[in-house]
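> My structure is below; once you've seen it, I'll send some questions.
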Amino acid sequence: MFYIRGVFILMALLPLTAAAHVKWFVDYNTENRPASLLNMLQSVEFMGLLALATIVIFLTSVLDRKLASPVDIPEWQPKLTLLENCVPAIMRYGTSAFFLTLTLGFPHIILTPELVVENPAMRYVHALIALTAFHRRTSLIAGVGILFLYSYATQLYGTFHMLDYLVFIGTGVYLIMQTLCDKVRSLTIELVRFTLAYSFLWGAIEKFMQPDLFYHLLEEHSYLAMGMDWEFFVRAAGFVEFCCAWHIFSGRAAGYAGIGLMAFFVIAAVIPFGMIDFIGHFLFIIPLIAVLFTPRKVPLCRTACGSTFAFLVALALYLLVAYAAWYMLYFYLHLDLFH
């Protein structure tokens, strides 16, 4: 009962924890050794939360296949088609607005609030992206500019740090393909869907790997935990976020629910965390709207059991890849681990 009660409380508090990228608000060092994966898997608390998340995914997957989705209602098809046709403009205009905001108010931010460089040329790169993203014929330049900024940030902050922000690659490629070949729109929106869900999923994994970062956030905002144990709170927040992100990627009607929850979480996080959170999530919200307007017509997996199994496989793969990536990229700092 404690797990269930805790998770329902977390549903109310997640806007203030999971949706806020912790690296924007606390001092961090991604080179610090992550929490032990073996100890995590041996934790009764972690396995209990995993069991609860598995049950939730199974039940919601069953409902996803039984309940009617908007794509199943014939009367809604003209409106859905109209919304889907608006997606290219939403991606272009939203990206343009984001980089215009950086140009005018935050010229030293590369892509997100913690990616800062005192380079006066950044303002001109942002302005160029803002101008060229506005029209389909020039959005290729904007897309290349975003990929350039992503690679620039990777050079300055490291590959592991930037694994959190794959959504920028999806946005950049989408804008490039707007100019080169608009006929592959359905393929490129699937790339946006994948990279957006990936970024949210990776954010959940961070809560398992580097919980100390979130403890620092709770030190300043201890009311968020509502008296619960911090370790439980952060892990549960990670599972809630992972479940929502999984349905965004794989669900049909459940995809709408996942998008709605994550949108609420992201927007609500602006209240306590202010403009920093707004700027950080701006280019997450735009793809979120695009994916909302381009729903899956059928779930990714045929059955609820298949979706639940795929969820567990995805969680296992993310954990293994995250830990393997960290040890490969930072092995030189911990050579004792490889002897």
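The chains in the structure tokens are called A, B, ... from first to last as shown; in each chain the residues are counted from 1, and the ligands are counted from 1 in the order shown.
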Which residues, written as a PDB file with C-alpha atoms, in the first residue's frame, have at least one atom at most 12 Å from Met91 (chain A), with only C-alpha atoms counted and residues fewer than 6 positions away on the same chain left out?


```
ATOM      1  CA  GLU A  84      -1.574  16.835 -38.724  1.00  0.00           C
ATOM      2  CA  ASN A  85      -1.103  19.157 -41.694  1.00  0.00           C
ATOM      3  CA  ALA A  97      10.386  31.446 -31.718  1.00  0.00           C
ATOM      4  CA  PHE A  98      12.738  29.511 -29.431  1.00  0.00           C
ATOM      5  CA  ALA A 130      15.402  31.799 -36.052  1.00  0.00           C
ATOM      6  CA  ALA A 133      13.479  28.004 -39.577  1.00  0.00           C
ATOM      7  CA  PHE A 134      10.472  30.129 -40.468  1.00  0.00           C
ATOM      8  CA  HIS A 135      10.150  28.933 -44.063  1.00  0.00           C
ATOM      9  CA  ARG A 136      10.271  25.426 -45.508  1.00  0.00           C
ATOM     10  CA  SER A 139      14.618  25.322 -42.807  1.00  0.00           C
ATOM     11  CA  ALA A 142      18.134  25.971 -39.408  1.00  0.00           C
ATOM     12  CA  GLY A 143      18.350  22.186 -39.062  1.00  0.00           C
ATOM     13  CA  PHE A 168      17.462  18.372 -30.655  1.00  0.00           C
ATOM     14  CA  GLY A 170      15.314  14.870 -34.099  1.00  0.00           C
ATOM     15  CA  THR A 171      14.235  18.489 -34.506  1.00  0.00           C
ATOM     16  CA  GLY A 172      17.270  19.351 -36.618  1.00  0.00           C
ATOM     17  CA  VAL A 173      16.782  16.398 -38.969  1.00  0.00           C
ATOM     18  CA  TYR A 174      13.061  17.176 -39.264  1.00  0.00           C
ATOM     19  CA  LEU A 175      13.800  20.745 -40.384  1.00  0.00           C
ATOM     20  CA  ILE A 176      16.420  19.555 -42.861  1.00  0.00           C
ATOM     21  CA  MET A 177      13.975  17.095 -44.419  1.00  0.00           C
ATOM     22  CA  GLN A 178      11.354  19.857 -44.692  1.00  0.00           C
ATOM     23  CA  ARG A 185       7.028  13.604 -43.381  1.00  0.00           C
ATOM     24  CA  THR A 188      10.637  12.206 -39.911  1.00  0.00           C
ATOM     25  CA  ILE A 189       7.812  12.707 -37.396  1.00  0.00           C
ATOM     26  CA  VAL A 192      10.859  13.235 -33.644  1.00  0.00           C
ATOM     27  CA  PHE A 282      10.703  25.252 -24.902  1.00  0.00           C
ATOM     28  CA  LEU A 283      12.097  22.959 -27.586  1.00  0.00           C
ATOM     29  CA  PHE A 284      10.631  19.931 -25.808  1.00  0.00           C
ATOM     30  CA  ILE A 285       7.121  21.395 -25.863  1.00  0.00           C
ATOM     31  CA  ILE A 286       7.164  22.033 -29.633  1.00  0.00           C
ATOM     32  CA  PRO A 287       7.871  18.380 -30.584  1.00  0.00           C
ATOM     33  CA  LEU A 288       5.393  17.309 -27.897  1.00  0.00           C
ATOM     34  CA  ILE A 289       2.669  19.284 -29.693  1.00  0.00           C
ATOM     35  CA  ALA A 290       3.786  17.867 -33.042  1.00  0.00           C
ATOM     36  CA  VAL A 291       3.550  14.303 -31.730  1.00  0.00           C
ATOM     37  CA  PHE A 293      -1.140  16.146 -33.569  1.00  0.00           C
TER      38      PHE A 293
END
```

> Extract, using only C-alpha atoms, all DNA, RNA and protein residues at most 10 Å from Lys297 (chain A), discarding same-chain residues fewer than 2 positions from it, and format them as a list in words.

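Residues near the query, excluding close chain neighbours: Ser69, Pro70, Val71, Asp72, Gly251, Arg252, Ala253, Thr294, Pro295, Pro299 and Leu300 of chain A.
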
> Using only C-alpha atoms, which of A:Met328, A:Leu201, A:Leu163, A:Met47 sits nearest Phe242 (chain A)?

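For Phe242 (chain A), the nearest of the given residues is A:Leu201.
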
> Taking only C-alpha atoms into account, name the residue in A:Ala68, A:Ala304, A:Val234, A:Leu156 that is nearest to Val56 (chain A).

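Of all the options, A:Ala304 lies closest to Val56 (chain A).
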
> CA of Gly48 (chain A) to CA of Ala325 (chain A): how many Å, to one decimal?

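The value is 26.5 Å.
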
> Which parts of region 281-323 of chain A does DSSP call alpha helix (DSSP H) when run on the backbone here, written out as a PyMOL selection string?

chain A and resi 281-292+304-323

> Could those residues be written to a file, using C-alpha atoms, as a PDB file, in the first residue's frame?


```pdb
ATOM      1  CA  HIS A 281      11.706  22.958 -22.025  1.00  0.00           C
ATOM      2  CA  PHE A 282      10.703  25.252 -24.902  1.00  0.00           C
ATOM      3  CA  LEU A 283      12.097  22.959 -27.586  1.00  0.00           C
ATOM      4  CA  PHE A 284      10.631  19.931 -25.808  1.00  0.00           C
ATOM      5  CA  ILE A 285       7.121  21.395 -25.863  1.00  0.00           C
ATOM      6  CA  ILE A 286       7.164  22.033 -29.633  1.00  0.00           C
ATOM      7  CA  PRO A 287       7.871  18.380 -30.584  1.00  0.00           C
ATOM      8  CA  LEU A 288       5.393  17.309 -27.897  1.00  0.00           C
ATOM      9  CA  ILE A 289       2.669  19.284 -29.693  1.00  0.00           C
ATOM     10  CA  ALA A 290       3.786  17.867 -33.042  1.00  0.00           C
ATOM     11  CA  VAL A 291       3.550  14.303 -31.730  1.00  0.00           C
ATOM     12  CA  LEU A 292       0.153  15.065 -30.160  1.00  0.00           C
ATOM     13  CA  ALA A 304      -0.744  -5.664 -23.999  1.00  0.00           C
ATOM     14  CA  CYS A 305       1.616  -8.477 -22.999  1.00  0.00           C
ATOM     15  CA  GLY A 306       3.906  -7.545 -25.879  1.00  0.00           C
ATOM     16  CA  SER A 307       3.874  -3.885 -24.857  1.00  0.00           C
ATOM     17  CA  THR A 308       4.654  -4.788 -21.238  1.00  0.00           C
ATOM     18  CA  PHE A 309       7.514  -7.065 -22.284  1.00  0.00           C
ATOM     19  CA  ALA A 310       8.882  -4.367 -24.597  1.00  0.00           C
ATOM     20  CA  PHE A 311       8.652  -1.872 -21.715  1.00  0.00           C
ATOM     21  CA  LEU A 312      10.773  -4.141 -19.506  1.00  0.00           C
ATOM     22  CA  VAL A 313      13.262  -4.747 -22.323  1.00  0.00           C
ATOM     23  CA  ALA A 314      13.508  -0.996 -22.967  1.00  0.00           C
ATOM     24  CA  LEU A 315      14.109  -0.301 -19.270  1.00  0.00           C
ATOM     25  CA  ALA A 316      16.808  -2.984 -19.097  1.00  0.00           C
ATOM     26  CA  LEU A 317      18.478  -1.739 -22.288  1.00  0.00           C
ATOM     27  CA  TYR A 318      18.430   1.872 -21.137  1.00  0.00           C
ATOM     28  CA  LEU A 319      20.016   0.947 -17.820  1.00  0.00           C
ATOM     29  CA  LEU A 320      22.687  -1.220 -19.457  1.00  0.00           C
ATOM     30  CA  VAL A 321      23.462   1.306 -22.196  1.00  0.00           C
ATOM     31  CA  ALA A 322      23.568   4.206 -19.729  1.00  0.00           C
ATOM     32  CA  TYR A 323      25.986   2.446 -17.390  1.00  0.00           C
TER      33      TYR A 323
END
```

> Which residues are near Leu128 (chain A)? Cut-off 9 Å, only C-alpha atoms, ignore same chain within fewer than 6 positions. Put them as a PyMOL selection string.

chain A and resi 99+141-142+145

> Can you write just those residues out, C-alpha atoms, as a tab-separated table (two decimals), in the first residue's frame?


```
chain	number	residue	atom	x	y	z
A	99	PHE	CA	15.91	30.72	-31.11
A	141	ILE	CA	19.89	25.86	-42.77
A	142	ALA	CA	18.13	25.97	-39.41
A	145	GLY	CA	22.49	25.01	-37.35
```

> Quick one: distance from CA of Glu31 (chain A) to CA of Met228 (chain A) in Å, one decimal?

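Those two atoms sit 28.4 Å apart.
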
> Could you tell me which of A:Ile169, A:Ala269, A:Cys181, A:Leu102 comes closest to Ser151 (chain A) if we count only C-alpha atoms?

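Of A:Ile169, A:Ala269, A:Cys181, A:Leu102, the one nearest Ser151 (chain A), counting only C-alpha atoms, is A:Ile169.
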